[in-house]
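Engineer: The structure follows.
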Amino acid sequence: MRELTENEVLDLLTEGYCEEDIKNGYGEYYCYGSEVIIDGALVIEKINMVNKFDDDFEASRQAEKDGVIFINDIEGLEKGCYIDTPENRKLCVDKLKEFPAYRVENLMLNHPDGDYWEAYSEYCKVA
């Protein structure tokens, strides 16, 4: 992985990323507009320009190693995706009730192929 130039770092800072997130290659963000992630939920996302991770799943695994705690004990909620805060827990529980399509069982049935789903399945075996 190549180092970011000074101008690239300045661009990221100007766009609102903090130095720690740039260094880590990921940050905590509220998700909106996804078909599979609960709207308004706090999650880890990779910073594309930093190019440290292939995807958000990989960035989340690094965040977990760095001490970020994820909600892993709510049935039907994707493990290792949603950051564990009281507000995020409430939102996720409420949205799972209101929109059952967010349940992992449904997503796994609708998307049986792809590296992400294989990685998720492997992660669940380990977690």
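If you're wondering about the labels, chains in the structure tokens are A, B, ... by order shown, residues count from 1 in each chain, ligands from 1 in order shown.
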Quick one: residues within 8 Å of Ile22 of chain A, only C-alpha atoms counted, chain neighbours fewer than 6 positions away excluded, as a list in words?

Structural biologist: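 My list of contacting residues is Val9, Leu12, Ile47 and Val50 of chain A.
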
Engineer: Need the shell around segment 23-31 of chain A: protein/DNA/RNA residues with any atom at most 6 Å away, counting only C-alpha atoms. Skip same-chain ones fewer than 4 positions apart. Format as a PyMOL selection string?

Structural biologist: chain A and resi 39-47+50+52

Engineer: Just the selected residues (C-alpha atoms), exported as a PDB file, in the first residue's frame, please.

Structural biologist:
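Written out: part_38.pdb:
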```
ATOM      1  CA  ASP A  39     -30.668   3.396   7.861  1.00  0.00           C
ATOM      2  CA  GLY A  40     -29.254   5.643  10.561  1.00  0.00           C
ATOM      3  CA  ALA A  41     -27.167   2.902  12.162  1.00  0.00           C
ATOM      4  CA  LEU A  42     -23.621   3.548  13.333  1.00  0.00           C
ATOM      5  CA  VAL A  43     -21.164   1.315  11.454  1.00  0.00           C
ATOM      6  CA  ILE A  44     -17.521   1.159  10.397  1.00  0.00           C
ATOM      7  CA  GLU A  45     -16.739   2.186   6.833  1.00  0.00           C
ATOM      8  CA  LYS A  46     -13.425   2.121   5.042  1.00  0.00           C
ATOM      9  CA  ILE A  47     -12.073   5.404   3.692  1.00  0.00           C
ATOM     10  CA  VAL A  50      -6.789   5.658   1.965  1.00  0.00           C
ATOM     11  CA  LYS A  52      -6.074   0.281   3.270  1.00  0.00           C
TER      12      LYS A  52
END
```

Engineer: List every residue of chain A that DSSP, applied to the backbone of this structure, assigns to strand (DSSP E), and report them as an MDAnalysis selection string.

Structural biologist: chainID A and resid 26:30 42:46

Engineer: Could those selected residues go to a file with N, CA and C atoms, as an mmCIF file, in the first residue's frame?

Structural biologist:
```
data_model
loop_
_atom_site.group_PDB
_atom_site.id
_atom_site.type_symbol
_atom_site.label_atom_id
_atom_site.label_comp_id
_atom_site.auth_asym_id
_atom_site.auth_seq_id
_atom_site.Cartn_x
_atom_site.Cartn_y
_atom_site.Cartn_z
ATOM 1 N N TYR A 26 -10.248 3.779 8.315
ATOM 2 C CA TYR A 26 -11.679 3.575 8.520
ATOM 3 C C TYR A 26 -12.182 4.571 9.545
ATOM 4 N N GLY A 27 -13.501 4.678 9.629
ATOM 5 C CA GLY A 27 -14.093 5.539 10.639
ATOM 6 C C GLY A 27 -15.488 5.067 10.985
ATOM 7 N N GLU A 28 -16.053 5.647 12.032
ATOM 8 C CA GLU A 28 -17.428 5.369 12.448
ATOM 9 C C GLU A 28 -18.340 6.358 11.744
ATOM 10 N N TYR A 29 -19.334 5.813 11.037
ATOM 11 C CA TYR A 29 -20.240 6.663 10.267
ATOM 12 C C TYR A 29 -21.665 6.156 10.394
ATOM 13 N N TYR A 30 -22.615 7.063 10.241
ATOM 14 C CA TYR A 30 -24.022 6.693 10.195
ATOM 15 C C TYR A 30 -24.355 6.330 8.755
ATOM 16 N N LEU A 42 -25.040 3.227 13.222
ATOM 17 C CA LEU A 42 -23.621 3.548 13.333
ATOM 18 C C LEU A 42 -22.801 2.310 12.988
ATOM 19 N N VAL A 43 -21.962 2.440 11.956
ATOM 20 C CA VAL A 43 -21.164 1.315 11.454
ATOM 21 C C VAL A 43 -19.745 1.790 11.161
ATOM 22 N N ILE A 44 -18.875 0.851 10.851
ATOM 23 C CA ILE A 44 -17.521 1.159 10.397
ATOM 24 C C ILE A 44 -17.522 1.151 8.871
ATOM 25 N N GLU A 45 -16.902 2.151 8.285
ATOM 26 C CA GLU A 45 -16.739 2.186 6.833
ATOM 27 C C GLU A 45 -15.288 2.487 6.515
ATOM 28 N N LYS A 46 -14.786 1.834 5.496
ATOM 29 C CA LYS A 46 -13.425 2.121 5.042
ATOM 30 C C LYS A 46 -13.409 3.493 4.374
#
```

Engineer: Between atom CA of Glu78 of chain A and atom CA of Ile37 of chain A, what is the spacing in Å?

Structural biologist: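 Atom CA of Ile37 of chain A sits 9.0 Å away from atom CA of Glu78 of chain A.
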
Engineer: What are the DSSP alpha helix (DSSP H) residues of chain A, as a PyMOL selection string?

Structural biologist: chain A and resi 6-14+19-24+56-65+86-98+104-110+115-126

Engineer: Atom CA of Cys81 of chain A and atom CA of Val104 of chain A, how far apart in Å?

Structural biologist: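 The value is 11.1 Å.
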
Engineer: From the list A:Leu91, A:Leu13, A:Leu96, A:Ile38, which residue is nearest Glu75 of chain A when using only C-alpha atoms?

Structural biologist: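 Checking each of A:Leu91, A:Leu13, A:Leu96, A:Ile38 against Glu75 of chain A, counting only C-alpha atoms, the winner is A:Leu96.
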